Structures are given as structure tokens and as C-alpha cells.
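Pasting upload-v2.cif here (mmCIF, C-alpha atoms; chains and numbers go by the auth columns):
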data_run
#
loop_
_atom_site.group_PDB
_atom_site.id
_atom_site.type_symbol
_atom_site.label_atom_id
_atom_site.label_comp_id
_atom_site.label_asym_id
_atom_site.label_seq_id
_atom_site.Cartn_x
_atom_site.Cartn_y
_atom_site.Cartn_z
_atom_site.B_iso_or_equiv
_atom_site.auth_seq_id
_atom_site.auth_asym_id
ATOM 1 C CA PHE A 1 92.936 -68.946 149.593 0.00 18 B
ATOM 2 C CA ASP A 2 90.216 -68.337 146.985 0.00 19 B
ATOM 3 C CA GLN A 3 87.630 -67.759 149.720 0.00 20 B
ATOM 4 C CA CYS A 4 89.967 -65.304 151.469 0.00 21 B
ATOM 5 C CA ALA A 5 90.524 -63.422 148.220 0.00 22 B
ATOM 6 C CA LEU A 6 86.787 -63.245 147.600 0.00 23 B
ATOM 7 C CA ALA A 7 86.178 -62.079 151.175 0.00 24 B
ATOM 8 C CA ARG A 8 88.778 -59.345 150.817 0.00 25 B
ATOM 9 C CA TRP A 9 87.324 -58.202 147.486 0.00 26 B
ATOM 10 C CA CYS A 10 83.844 -58.020 149.017 0.00 27 B
ATOM 11 C CA LEU A 11 85.131 -56.137 152.039 0.00 28 B
ATOM 12 C CA ASP A 12 86.998 -53.636 149.862 0.00 29 B
ATOM 13 C CA HIS A 13 83.750 -53.015 147.967 0.00 30 B
ATOM 14 C CA ALA A 14 81.639 -52.610 151.159 0.00 31 B
ATOM 15 C CA LEU A 15 79.862 -55.949 150.637 0.00 32 B
ATOM 16 C CA VAL A 16 80.065 -56.783 154.328 0.00 33 B
ATOM 17 C CA SER A 17 77.546 -59.633 154.452 0.00 34 B
ATOM 18 C CA GLN A 18 79.134 -61.425 151.494 0.00 35 B
ATOM 19 C CA ALA A 19 82.601 -60.834 152.945 0.00 36 B
ATOM 20 C CA LEU A 20 81.522 -62.484 156.185 0.00 37 B
ATOM 21 C CA ASP A 21 80.123 -65.508 154.329 0.00 38 B
ATOM 22 C CA HIS A 22 83.354 -66.054 152.433 0.00 39 B
ATOM 23 C CA THR A 23 85.398 -65.546 155.615 0.00 40 B
ATOM 24 C CA LYS A 24 83.392 -68.232 157.396 0.00 41 B
ATOM 25 C CA GLN A 25 83.974 -70.605 154.475 0.00 42 B
ATOM 26 C CA ALA A 26 87.692 -69.821 154.568 0.00 43 B
ATOM 27 C CA GLU A 27 87.701 -70.515 158.322 0.00 44 B
ATOM 28 C CA SER A 28 86.169 -73.961 157.738 0.00 45 B
ATOM 29 C CA ASP A 29 89.078 -74.727 155.411 0.00 46 B
ATOM 30 C CA ASP A 30 91.806 -73.392 157.772 0.00 47 B
ATOM 31 C CA SER A 31 90.718 -72.103 161.173 0.00 48 B
ATOM 32 C CA PHE A 32 94.291 -71.174 162.141 0.00 49 B
ATOM 33 C CA SER A 33 95.014 -69.023 159.099 0.00 50 B
ATOM 34 C CA PRO A 34 96.283 -65.529 160.010 0.00 51 B
ATOM 35 C CA ILE A 35 94.600 -64.260 156.833 0.00 52 B
ATOM 36 C CA VAL A 36 91.250 -65.457 158.148 0.00 53 B
ATOM 37 C CA ALA A 37 91.939 -63.842 161.523 0.00 54 B
ATOM 38 C CA LYS A 38 92.757 -60.543 159.807 0.00 55 B
ATOM 39 C CA LEU A 39 89.533 -60.708 157.806 0.00 56 B
ATOM 40 C CA TYR A 40 87.484 -61.298 160.958 0.00 57 B
ATOM 41 C CA ASN A 41 89.213 -58.393 162.728 0.00 58 B
ATOM 42 C CA ASP A 42 88.568 -56.099 159.776 0.00 59 B
ATOM 43 C CA LEU A 43 84.919 -57.141 159.876 0.00 60 B
ATOM 44 C CA GLY A 44 84.680 -56.112 163.533 0.00 61 B
ATOM 45 C CA PHE A 45 84.869 -59.582 165.044 0.00 62 B
ATOM 46 C CA THR A 46 86.906 -60.802 168.012 0.00 63 B
ATOM 47 C CA LYS A 47 87.759 -64.316 169.102 0.00 64 B
ATOM 48 C CA VAL A 48 86.198 -65.539 172.338 0.00 65 B
ATOM 49 C CA GLY A 49 87.390 -69.025 173.168 0.00 66 B
ATOM 50 C CA ASP A 50 87.282 -70.899 169.868 0.00 67 B
ATOM 51 C CA ALA A 51 84.551 -68.795 168.261 0.00 68 B
ATOM 52 C CA TRP A 52 84.583 -65.525 166.348 0.00 69 B
ATOM 53 C CA VAL A 53 81.887 -63.136 167.587 0.00 70 B
ATOM 54 C CA ASN A 54 80.817 -59.610 166.692 0.00 71 B
ATOM 55 C CA GLU A 55 82.882 -57.460 169.017 0.00 72 B
ATOM 56 C CA ASP A 56 80.276 -54.735 169.553 0.00 73 B
ATOM 57 C CA GLU A 57 77.575 -57.264 170.379 0.00 74 B
ATOM 58 C CA HIS A 58 79.910 -59.206 172.657 0.00 75 B
ATOM 59 C CA LEU A 59 80.905 -56.075 174.565 0.00 76 B
ATOM 60 C CA ALA A 60 77.282 -54.999 174.898 0.00 77 B
ATOM 61 C CA ASN A 61 76.236 -58.450 176.163 0.00 78 B
ATOM 62 C CA THR A 62 79.050 -58.614 178.710 0.00 79 B
ATOM 63 C CA GLY A 63 78.792 -54.977 179.859 0.00 80 B
ATOM 64 C CA MET A 64 82.335 -54.257 178.723 0.00 81 B
ATOM 65 C CA VAL A 65 83.758 -51.404 176.646 0.00 82 B
ATOM 66 C CA LYS A 66 86.842 -51.025 174.503 0.00 83 B
ATOM 67 C CA VAL A 67 89.244 -48.194 175.168 0.00 84 B
ATOM 68 C CA GLY A 68 91.964 -48.132 172.568 0.00 85 B
ATOM 69 C CA SER A 69 93.096 -51.744 172.287 0.00 86 B
ATOM 70 C CA LYS A 70 92.045 -52.670 175.840 0.00 87 B
ATOM 71 C CA VAL A 71 88.724 -54.215 176.906 0.00 88 B
ATOM 72 C CA MET A 72 87.507 -53.214 180.364 0.00 89 B
ATOM 73 C CA THR A 73 84.415 -52.584 182.467 0.00 90 B
ATOM 74 C CA LYS A 74 82.576 -49.293 182.240 0.00 91 B
ATOM 75 C CA ASP A 75 83.812 -48.359 185.719 0.00 92 B
ATOM 76 C CA GLU A 76 87.371 -49.128 184.684 0.00 93 B
ATOM 77 C CA ALA A 77 86.910 -47.074 181.521 0.00 94 B
ATOM 78 C CA ALA A 78 85.571 -44.125 183.539 0.00 95 B
ATOM 79 C CA ALA A 79 88.494 -44.414 185.954 0.00 96 B
ATOM 80 C CA ALA A 80 90.946 -44.613 183.052 0.00 97 B
ATOM 81 C CA LYS A 81 89.392 -41.530 181.465 0.00 98 B
ATOM 82 C CA ASP A 82 89.558 -39.619 184.762 0.00 99 B
ATOM 83 C CA SER A 83 93.167 -40.690 185.186 0.00 100 B
ATOM 84 C CA GLN A 84 93.998 -39.512 181.672 0.00 101 B
ATOM 85 C CA VAL A 85 92.314 -36.156 182.254 0.00 102 B
ATOM 86 C CA LYS A 86 94.369 -35.684 185.431 0.00 103 B
ATOM 87 C CA ALA A 87 97.537 -36.753 183.657 0.00 104 B
ATOM 88 C CA ASN A 88 96.884 -34.239 180.871 0.00 105 B
ATOM 89 C CA ALA A 89 96.225 -31.484 183.428 0.00 106 B
ATOM 90 C CA ASN A 90 99.437 -32.362 185.263 0.00 107 B
ATOM 91 C CA SER A 91 101.338 -32.367 181.994 0.00 108 B
ATOM 92 C CA ARG A 92 100.050 -28.877 181.199 0.00 109 B
ATOM 93 C CA LEU A 93 101.019 -27.642 184.662 0.00 110 B
ATOM 94 C CA ASP A 94 104.461 -29.186 184.320 0.00 111 B
ATOM 95 C CA GLN A 95 104.932 -27.485 180.957 0.00 112 B
ATOM 96 C CA GLN A 96 103.808 -24.142 182.390 0.00 113 B
ATOM 97 C CA ILE A 97 106.322 -24.565 185.223 0.00 114 B
ATOM 98 C CA GLN A 98 109.101 -25.301 182.736 0.00 115 B
ATOM 99 C CA ASP A 99 108.106 -22.277 180.653 0.00 116 B
ATOM 100 C CA ALA A 100 108.119 -19.989 183.712 0.00 117 B
ATOM 101 C CA GLU A 101 111.499 -21.313 184.859 0.00 118 B
ATOM 102 C CA TRP A 102 112.907 -20.816 181.369 0.00 119 B
ATOM 103 C CA VAL A 103 111.695 -17.204 181.310 0.00 120 B
ATOM 104 C CA ILE A 104 113.239 -16.533 184.739 0.00 121 B
ATOM 105 C CA LYS A 105 116.522 -18.194 183.780 0.00 122 B
ATOM 106 C CA ASN A 106 116.925 -16.333 180.479 0.00 123 B
ATOM 107 C CA SER A 107 115.330 -12.952 181.185 0.00 124 B
ATOM 108 C CA GLU A 108 118.265 -11.415 183.055 0.00 125 B
ATOM 109 C CA LYS A 109 120.605 -11.650 180.060 0.00 126 B
ATOM 110 C CA LYS A 110 117.869 -10.573 177.628 0.00 127 B
ATOM 111 C CA ILE A 111 117.066 -7.553 179.770 0.00 128 B
ATOM 112 C CA ALA A 112 120.757 -6.622 180.048 0.00 129 B
ATOM 113 C CA ASP A 113 121.183 -6.930 176.266 0.00 130 B
ATOM 114 C CA THR A 114 118.090 -4.838 175.631 0.00 131 B
ATOM 115 C CA ILE A 115 119.282 -2.142 178.037 0.00 132 B
ATOM 116 C CA GLN A 116 122.601 -2.030 176.178 0.00 133 B
ATOM 117 C CA LYS A 117 120.787 -1.665 172.858 0.00 134 B
ATOM 118 C CA ARG A 118 118.543 1.017 174.329 0.00 135 B
ATOM 119 C CA ASP A 119 121.515 2.963 175.706 0.00 136 B
ATOM 120 C CA ASN A 120 123.255 2.696 172.344 0.00 137 B
ATOM 121 C CA ALA A 121 120.125 4.057 170.657 0.00 138 B
ATOM 122 C CA LYS A 122 120.076 6.937 173.143 0.00 139 B
ATOM 123 C CA SER A 123 123.719 7.733 172.412 0.00 140 B
ATOM 124 C CA GLU A 124 123.252 7.574 168.644 0.00 141 B
ATOM 125 C CA LEU A 125 120.094 9.693 168.874 0.00 142 B
ATOM 126 C CA ALA A 126 121.915 12.365 170.868 0.00 143 B
ATOM 127 C CA LYS A 127 124.721 12.376 168.292 0.00 144 B
ATOM 128 C CA ALA A 128 122.234 12.643 165.417 0.00 145 B
ATOM 129 C CA GLN A 129 120.444 15.504 167.189 0.00 146 B
ATOM 130 C CA ALA A 130 123.757 17.329 167.692 0.00 147 B
ATOM 131 C CA ASP A 131 124.696 16.780 164.032 0.00 148 B
ATOM 132 C CA THR A 132 121.296 18.079 162.931 0.00 149 B
ATOM 133 C CA GLN A 133 121.637 21.206 165.054 0.00 150 B
ATOM 134 C CA GLY A 134 125.221 21.747 163.869 0.00 151 B
ATOM 135 C CA ALA A 135 124.242 21.444 160.201 0.00 152 B
ATOM 136 C CA GLN A 136 121.315 23.813 160.742 0.00 153 B
ATOM 137 C CA SER A 137 123.567 26.370 162.425 0.00 154 B
ATOM 138 C CA ARG A 138 126.040 26.215 159.538 0.00 155 B
ATOM 139 C CA ARG A 139 123.205 26.655 157.064 0.00 156 B
ATOM 140 C CA GLU A 140 121.889 29.729 158.851 0.00 157 B
ATOM 141 C CA GLN A 141 125.356 31.271 159.108 0.00 158 B
ATOM 142 C CA LEU A 142 126.157 30.644 155.435 0.00 159 B
ATOM 143 C CA GLU A 143 122.758 31.965 154.336 0.00 160 B
ATOM 144 C CA LYS A 144 123.429 35.227 156.206 0.00 161 B
ATOM 145 C CA GLN A 145 126.838 35.551 154.555 0.00 162 B
ATOM 146 C CA LEU A 146 125.349 34.927 151.128 0.00 163 B
ATOM 147 C CA GLU A 147 122.607 37.490 151.795 0.00 164 B
ATOM 148 C CA ALA A 148 125.297 40.039 152.670 0.00 165 B
ATOM 149 C CA ALA A 149 127.225 39.184 149.510 0.00 166 B
ATOM 150 C CA ALA A 150 124.079 39.552 147.437 0.00 167 B
ATOM 151 C CA ALA A 151 123.481 42.972 148.964 0.00 168 B
ATOM 152 C CA ALA A 152 127.009 44.038 147.993 0.00 169 B
ATOM 153 C CA GLY A 153 126.256 43.115 144.411 0.00 170 B
ATOM 154 C CA LYS A 154 128.962 43.893 141.865 0.00 171 B
ATOM 155 C CA ASN A 155 131.062 45.801 144.405 0.00 172 B
ATOM 156 C CA GLN A 156 132.786 42.537 145.494 0.00 173 B
ATOM 157 C CA ASN A 157 136.442 42.066 144.695 0.00 174 B
ATOM 158 C CA ASN A 158 137.846 38.820 143.359 0.00 175 B
ATOM 159 C CA ARG A 159 138.615 37.476 146.838 0.00 176 B
ATOM 160 C CA GLN A 160 135.066 38.208 148.024 0.00 177 B
ATOM 161 C CA GLN A 161 133.586 36.588 144.916 0.00 178 B
ATOM 162 C CA GLN A 162 135.640 33.450 145.551 0.00 179 B
ATOM 163 C CA GLN A 163 134.455 33.405 149.160 0.00 180 B
ATOM 164 C CA THR A 164 130.851 33.672 147.971 0.00 181 B
ATOM 165 C CA ALA A 165 131.365 30.688 145.664 0.00 182 B
ATOM 166 C CA ASN A 166 132.898 28.742 148.538 0.00 183 B
ATOM 167 C CA ASN A 167 129.973 29.638 150.795 0.00 184 B
ATOM 168 C CA GLN A 168 127.467 28.431 148.176 0.00 185 B
ATOM 169 C CA ALA A 169 129.238 25.060 147.977 0.00 186 B
ATOM 170 C CA ALA A 170 129.443 24.883 151.764 0.00 187 B
ATOM 171 C CA LEU A 171 125.701 25.649 152.002 0.00 188 B
ATOM 172 C CA GLN A 172 124.990 22.701 149.699 0.00 189 B
ATOM 173 C CA ASP A 173 127.148 20.435 151.887 0.00 190 B
ATOM 174 C CA ALA A 174 125.457 21.703 155.035 0.00 191 B
ATOM 175 C CA GLY A 175 122.062 20.935 153.499 0.00 192 B
ATOM 176 C CA ASN A 176 123.170 17.387 152.706 0.00 193 B
ATOM 177 C CA ASP A 177 124.542 16.961 156.229 0.00 194 B
ATOM 178 C CA PHE A 178 121.271 18.245 157.675 0.00 195 B
ATOM 179 C CA ALA A 179 119.217 15.788 155.629 0.00 196 B
ATOM 180 C CA LYS A 180 121.486 12.894 156.586 0.00 197 B
ATOM 181 C CA ALA A 181 121.499 13.792 160.283 0.00 198 B
ATOM 182 C CA SER A 182 117.708 14.290 160.283 0.00 199 B
ATOM 183 C CA GLY A 183 117.242 10.820 158.775 0.00 200 B
ATOM 184 C CA ALA A 184 119.545 9.289 161.381 0.00 201 B
ATOM 185 C CA GLN A 185 117.677 11.138 164.108 0.00 202 B
ATOM 186 C CA LEU A 186 114.359 9.613 163.004 0.00 203 B
ATOM 187 C CA LYS A 187 115.931 6.153 162.735 0.00 204 B
ATOM 188 C CA TRP A 188 117.423 6.174 166.235 0.00 205 B
ATOM 189 C CA LYS A 189 114.315 7.731 167.734 0.00 206 B
ATOM 190 C CA LYS A 190 112.267 4.827 166.376 0.00 207 B
ATOM 191 C CA ASP A 191 114.868 2.295 167.515 0.00 208 B
ATOM 192 C CA LEU A 192 114.872 3.802 171.004 0.00 209 B
ATOM 193 C CA ALA A 193 111.078 3.486 171.190 0.00 210 B
ATOM 194 C CA ASN A 194 111.324 -0.157 170.072 0.00 211 B
ATOM 195 C CA GLN A 195 113.947 -0.964 172.702 0.00 212 B
ATOM 196 C CA ASP A 196 111.896 0.731 175.429 0.00 213 B
ATOM 197 C CA GLU A 197 108.877 -1.338 174.401 0.00 214 B
ATOM 198 C CA ALA A 198 110.914 -4.564 174.303 0.00 215 B
ATOM 199 C CA LEU A 199 112.404 -3.822 177.718 0.00 216 B
ATOM 200 C CA ALA A 200 108.978 -3.203 179.240 0.00 217 B
ATOM 201 C CA LYS A 201 107.682 -6.509 177.815 0.00 218 B
ATOM 202 C CA LEU A 202 110.695 -8.453 179.124 0.00 219 B
ATOM 203 C CA LYS A 203 110.323 -7.000 182.608 0.00 220 B
ATOM 204 C CA ALA A 204 106.580 -7.700 182.628 0.00 221 B
ATOM 205 C CA SER A 205 107.171 -11.269 181.430 0.00 222 B
ATOM 206 C CA LEU A 206 109.796 -11.843 184.120 0.00 223 B
ATOM 207 C CA GLU A 207 107.559 -10.513 186.897 0.00 224 B
ATOM 208 C CA LYS A 208 104.636 -12.569 185.630 0.00 225 B
ATOM 209 C CA ALA A 209 106.738 -15.747 185.596 0.00 226 B
ATOM 210 C CA LYS A 210 108.092 -15.098 189.084 0.00 227 B
ATOM 211 C CA ALA A 211 104.596 -14.475 190.418 0.00 228 B
ATOM 212 C CA ALA A 212 103.072 -17.533 188.713 0.00 229 B
ATOM 213 C CA LEU A 213 105.765 -20.123 189.479 0.00 230 B
ATOM 214 C CA PRO A 214 105.005 -20.783 193.179 0.00 231 B
ATOM 215 C CA GLU A 215 101.272 -21.179 192.540 0.00 232 B
ATOM 216 C CA LEU A 216 101.869 -23.504 189.584 0.00 233 B
ATOM 217 C CA LYS A 217 104.093 -25.714 191.732 0.00 234 B
ATOM 218 C CA LYS A 218 101.476 -25.807 194.471 0.00 235 B
ATOM 219 C CA GLN A 219 98.816 -26.836 191.967 0.00 236 B
ATOM 220 C CA LEU A 220 101.004 -29.590 190.537 0.00 237 B
ATOM 221 C CA ALA A 221 101.907 -30.859 194.009 0.00 238 B
ATOM 222 C CA ALA A 222 98.243 -30.913 195.027 0.00 239 B
ATOM 223 C CA ALA A 223 97.224 -32.723 191.841 0.00 240 B
ATOM 224 C CA SER A 224 99.958 -35.345 192.139 0.00 241 B
ATOM 225 C CA GLY A 225 99.640 -35.741 195.904 0.00 242 B
ATOM 226 C CA LYS A 226 103.280 -34.865 196.464 0.00 243 B
ATOM 227 C CA PRO A 227 104.760 -32.042 198.564 0.00 244 B
ATOM 228 C CA SER A 228 105.926 -29.109 196.525 0.00 245 B
ATOM 229 C CA GLU A 229 109.618 -28.287 196.349 0.00 246 B
ATOM 230 C CA THR A 230 109.135 -25.051 198.217 0.00 247 B
ATOM 231 C CA SER A 231 107.224 -26.778 201.024 0.00 248 B
ATOM 232 C CA THR A 232 110.145 -29.168 201.642 0.00 249 B
ATOM 233 C CA GLY A 233 112.589 -26.326 202.097 0.00 250 B
ATOM 234 C CA GLU A 234 114.257 -26.796 198.732 0.00 251 B
ATOM 235 C CA LYS A 235 114.765 -23.599 196.805 0.00 252 B
ATOM 236 C CA SER A 236 112.766 -23.064 193.659 0.00 253 B
ATOM 237 C CA ALA A 237 114.418 -22.383 190.308 0.00 254 B
ATOM 238 C CA ALA A 238 113.763 -18.657 190.728 0.00 255 B
ATOM 239 C CA GLU A 239 115.308 -18.632 194.210 0.00 256 B
ATOM 240 C CA LYS A 240 118.423 -20.440 192.976 0.00 257 B
ATOM 241 C CA LEU A 241 119.226 -17.592 190.586 0.00 258 B
ATOM 242 C CA PRO A 242 121.974 -15.155 191.650 0.00 259 B
ATOM 243 C CA ALA A 243 120.922 -11.786 192.981 0.00 260 B
ATOM 244 C CA GLU A 244 119.484 -9.756 190.185 0.00 261 B
ATOM 245 C CA LYS A 245 121.625 -6.889 188.959 0.00 262 B
ATOM 246 C CA PRO A 246 120.114 -3.433 188.585 0.00 263 B
ATOM 247 C CA LEU A 247 118.120 -3.406 185.378 0.00 264 B
ATOM 248 C CA GLU A 248 118.647 0.261 184.613 0.00 265 B
ATOM 249 C CA ALA A 249 122.010 1.255 183.206 0.00 266 B
ATOM 250 C CA LYS A 250 123.873 4.019 185.000 0.00 267 B
ATOM 251 C CA PRO A 251 124.108 7.312 183.146 0.00 268 B
#

Produce C-alpha cells that represent the structure in this file.
Amino acid sequence: FDQCALARWCLDHALVSQALDHTKQAESDDSFSPIVAKLYNDLGFTKVGDAWVNEDEHLANTGMVKVGSKVMTKDEAAAAKDSQVKANANSRLDQQIQDAEWVIKNSEKKIADTIQKRDNAKSELAKAQADTQGAQSRREQLEKQLEAAAAAGKNQNNRQQQQTANNQAALQDAGNDFAKASGAQLKWKKDLANQDEALAKLKASLEKAKAALPELKKQLAAASGKPSETSTGEKSAAEKLPAEKPLEAKP
């Protein structure tokens, strides 16, 4: 145990040669100790038969290489690497197929929701525009009446004076209504532009996914050596979807 402790201390302090000497002494005391085996492994040694040998030197002498935890020939390592590259490429294709199918499956509802939001923005914008025009018309009418009252000057009777006061208050209200309606008009105009942009992106994404899906499946089938779903007569995910409803809402 003392030799193992010394070997570990040396190894922890990068004293590799001394660590190896103490490990060898510990092995002579107990060749079956798992602590000794761990020390050899940490020193880069592997057991061949009954002897511990430097793994790098052993692999070089035997023409073998280590890939992960497996020891194999260079040809086997090259084949394993090629296989892994193909597997990674297939995995990427499979993920792209899943992404395209997800877009196709979910786009119809997203497009319908966006159209509804866009139509609501159109309706609210039209209302705000009408409110703005109405408030402006009231302002113009009241301003004319107040100009006429101002021209009459002190010749107004009590009833006319009261009407003038009412018109001044109404003009203030019309100005507030105009400002409020103008703000709403800007808000819904911006929202309408956002919904139009979102709708265009959704449609483009859907068309892109539909166009890409068959080619992606062909590539995956060719890479895996299997017939594609479409070549066997089975419908693709896009073809299994119900007939697409008109995307544009009716006026």
C-alpha cells in the first residue's frame, strides 16, 4: 500500500518515471491489486498477457490503433470513421426531414391564425381611420361655429353664449378623440404590417419545406441503401395532410 501511495503522489505531481518505479514495486508485492492496475492504466500502460506494457508503444509495434476504448487495425479504424461520418450525415438528413414534416404539419393552423390576426388588424385599422375622420370633421365644424360666434362678438344673447361655451368644450373633446383615434390608427397600421410580414414568412417556410422534403427523403434512402417511402407507393407526410384550405380570408 505504501508503494501505491507513493506512486499516486508522484503521478499527481507529474513525476512519471518515479511513479512507474513505485508502481512496479507495488506490483511485485501484489500483482492482482486493482490499485496497481489503476496506476498502470493512468500511466498509459495496458496488460498484454501477464505483462504491463506501454500502450502507445504496443499499438505502434503491432500496427494497431485505439479508437475510444476499442483497439483495432488501421483499416478497421478507417472503416469505423467512415461509418460514423455516414451515420452523422444520415442523422442530419433524418433531422431535416423531421423538421420539414413538422413545418408542414403545423403551418396550416399557424397561417390560419395569422390570417385571422391580420383581418382583425385590418378591421381595427378601418375603424380607427373612420374615428379619426369623424373627429376631424367635428373639429372643423365646431371651429367654423366658433369663428362665427367670434365674429358676432358681444351681440350674442345668453342662449348663443351658452352654445358657444358648449362648442368650446365639444371642440376640446373632439381634439382628444382625434388624438386617440390617430394613435390607434398608427398602432393597427403597424400591427397589420407585422401580420403581413409574418404571413409571408409562414407561406415561404411551408413552400420551402414541401419542396425540400422529397429530395431529403431520396438522399436519406440513397445513403442508407433503402427505398424511399415515396418510391414504394406510400404517401409522404405532406401528402397525408388534408387538402389545404384557401389561405386568404374572404372579404

For the provided coordinates, the residues matched by the PyMOL selection byres ((chain B and resi 201-213) around 7) should be stated as a PDB file with C-alpha atoms, keeping the file's coordinate frame.
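Result written to expr-v6.pdb:
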ATOM      1  CA  THR B 131     118.090  -4.838 175.631  1.00  0.00           C
ATOM      2  CA  LYS B 134     120.787  -1.665 172.858  1.00  0.00           C
ATOM      3  CA  ARG B 135     118.543   1.017 174.329  1.00  0.00           C
ATOM      4  CA  ALA B 138     120.125   4.057 170.657  1.00  0.00           C
ATOM      5  CA  LYS B 139     120.076   6.937 173.143  1.00  0.00           C
ATOM      6  CA  GLU B 141     123.252   7.574 168.644  1.00  0.00           C
ATOM      7  CA  LEU B 142     120.094   9.693 168.874  1.00  0.00           C
ATOM      8  CA  ALA B 145     122.234  12.643 165.417  1.00  0.00           C
ATOM      9  CA  GLN B 146     120.444  15.504 167.189  1.00  0.00           C
ATOM     10  CA  LYS B 197     121.486  12.894 156.586  1.00  0.00           C
ATOM     11  CA  ALA B 198     121.499  13.792 160.283  1.00  0.00           C
ATOM     12  CA  SER B 199     117.708  14.290 160.283  1.00  0.00           C
ATOM     13  CA  GLY B 200     117.242  10.820 158.775  1.00  0.00           C
ATOM     14  CA  GLU B 214     108.877  -1.338 174.401  1.00  0.00           C
ATOM     15  CA  ALA B 215     110.914  -4.564 174.303  1.00  0.00           C
ATOM     16  CA  LEU B 216     112.404  -3.822 177.718  1.00  0.00           C
ATOM     17  CA  ALA B 217     108.978  -3.203 179.240  1.00  0.00           C
TER      18      ALA B 217
END

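Atom CA of Ser140 of chain B lies 24.0 Å from atom CA of Ser124 of chain B.
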
All residues 9 Å or closer to Gln236 of chain B, only C-alpha atoms, same chain fewer than 4 positions away omitted, as a list of chain:residue names: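 Listing them by chain and then by number gives B:Asn107, B:Leu110, B:Pro231, B:Glu232, B:Ala240, B:Ser241, B:Ser245.
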
Picked residues, the PyMOL selection byres ((chain B and resi 60) around 10), expected as a ChimeraX atom specification: /B:28,33-34,36-37,40,54-59,61-63,71-72

task: Quote the spacing between atom CA of Arg25 of chain B and atom CA of Asp73 of chain B in Å to one decimal place.
output: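 Interatomic distance, atom CA of Arg25 of chain B to atom CA of Asp73 of chain B: 21.1 Å.
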
query: Contacts of Asn123 of chain B at 10 Å or less, counting all atoms listed in the file, minus same-chain residues fewer than 5 places along, as an MDAnalysis selection string?
result: chainID B and resid 118 128 223

Point-to-point distance in Å for atom CA of Val120 of chain B and atom CA of Gln133 of chain B: 19.4 Å

task: Would you list the residues near (121.9, 19.7, 153.2) (no more than 12 Å away, in the coordinates of the file, using only C-alpha atoms) as number ranges by chain?
output: B: 148-157, 159, 185-200

Output the selection as a PDB file, in the coordinates of the input - C-alpha atoms for each residue.
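result.pdb written:
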ATOM      1  CA  ASP B 148     124.696  16.780 164.032  1.00  0.00           C
ATOM      2  CA  THR B 149     121.296  18.079 162.931  1.00  0.00           C
ATOM      3  CA  GLN B 150     121.637  21.206 165.054  1.00  0.00           C
ATOM      4  CA  GLY B 151     125.221  21.747 163.869  1.00  0.00           C
ATOM      5  CA  ALA B 152     124.242  21.444 160.201  1.00  0.00           C
ATOM      6  CA  GLN B 153     121.315  23.813 160.742  1.00  0.00           C
ATOM      7  CA  SER B 154     123.567  26.370 162.425  1.00  0.00           C
ATOM      8  CA  ARG B 155     126.040  26.215 159.538  1.00  0.00           C
ATOM      9  CA  ARG B 156     123.205  26.655 157.064  1.00  0.00           C
ATOM     10  CA  GLU B 157     121.889  29.729 158.851  1.00  0.00           C
ATOM     11  CA  LEU B 159     126.157  30.644 155.435  1.00  0.00           C
ATOM     12  CA  GLN B 185     127.467  28.431 148.176  1.00  0.00           C
ATOM     13  CA  ALA B 186     129.238  25.060 147.977  1.00  0.00           C
ATOM     14  CA  ALA B 187     129.443  24.883 151.764  1.00  0.00           C
ATOM     15  CA  LEU B 188     125.701  25.649 152.002  1.00  0.00           C
ATOM     16  CA  GLN B 189     124.990  22.701 149.699  1.00  0.00           C
ATOM     17  CA  ASP B 190     127.148  20.435 151.887  1.00  0.00           C
ATOM     18  CA  ALA B 191     125.457  21.703 155.035  1.00  0.00           C
ATOM     19  CA  GLY B 192     122.062  20.935 153.499  1.00  0.00           C
ATOM     20  CA  ASN B 193     123.170  17.387 152.706  1.00  0.00           C
ATOM     21  CA  ASP B 194     124.542  16.961 156.229  1.00  0.00           C
ATOM     22  CA  PHE B 195     121.271  18.245 157.675  1.00  0.00           C
ATOM     23  CA  ALA B 196     119.217  15.788 155.629  1.00  0.00           C
ATOM     24  CA  LYS B 197     121.486  12.894 156.586  1.00  0.00           C
ATOM     25  CA  ALA B 198     121.499  13.792 160.283  1.00  0.00           C
ATOM     26  CA  SER B 199     117.708  14.290 160.283  1.00  0.00           C
ATOM     27  CA  GLY B 200     117.242  10.820 158.775  1.00  0.00           C
TER      28      GLY B 200
END

Residue members of the PyMOL selection byres ((chain B and resi 226) around 8) in the file shown, as a VMD selection string: chain B and resid 117 to 118 120 to 121 222 to 225 227 to 230

task: Would you mind listing what lies within 12 Å of Lys83 of chain B as a list in words, with only C-alpha atoms counted and same-chain residues fewer than 3 positions away left out?
output: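 That gives Thr63, Glu72, Asp73, Glu74, His75, Leu76, Ala77, Thr79, Gly80, Ser86, Lys87, Val88, Met89, Thr90, Lys91, Asp92, Glu93, Ala94, Ala95 and Ala97 of chain B.
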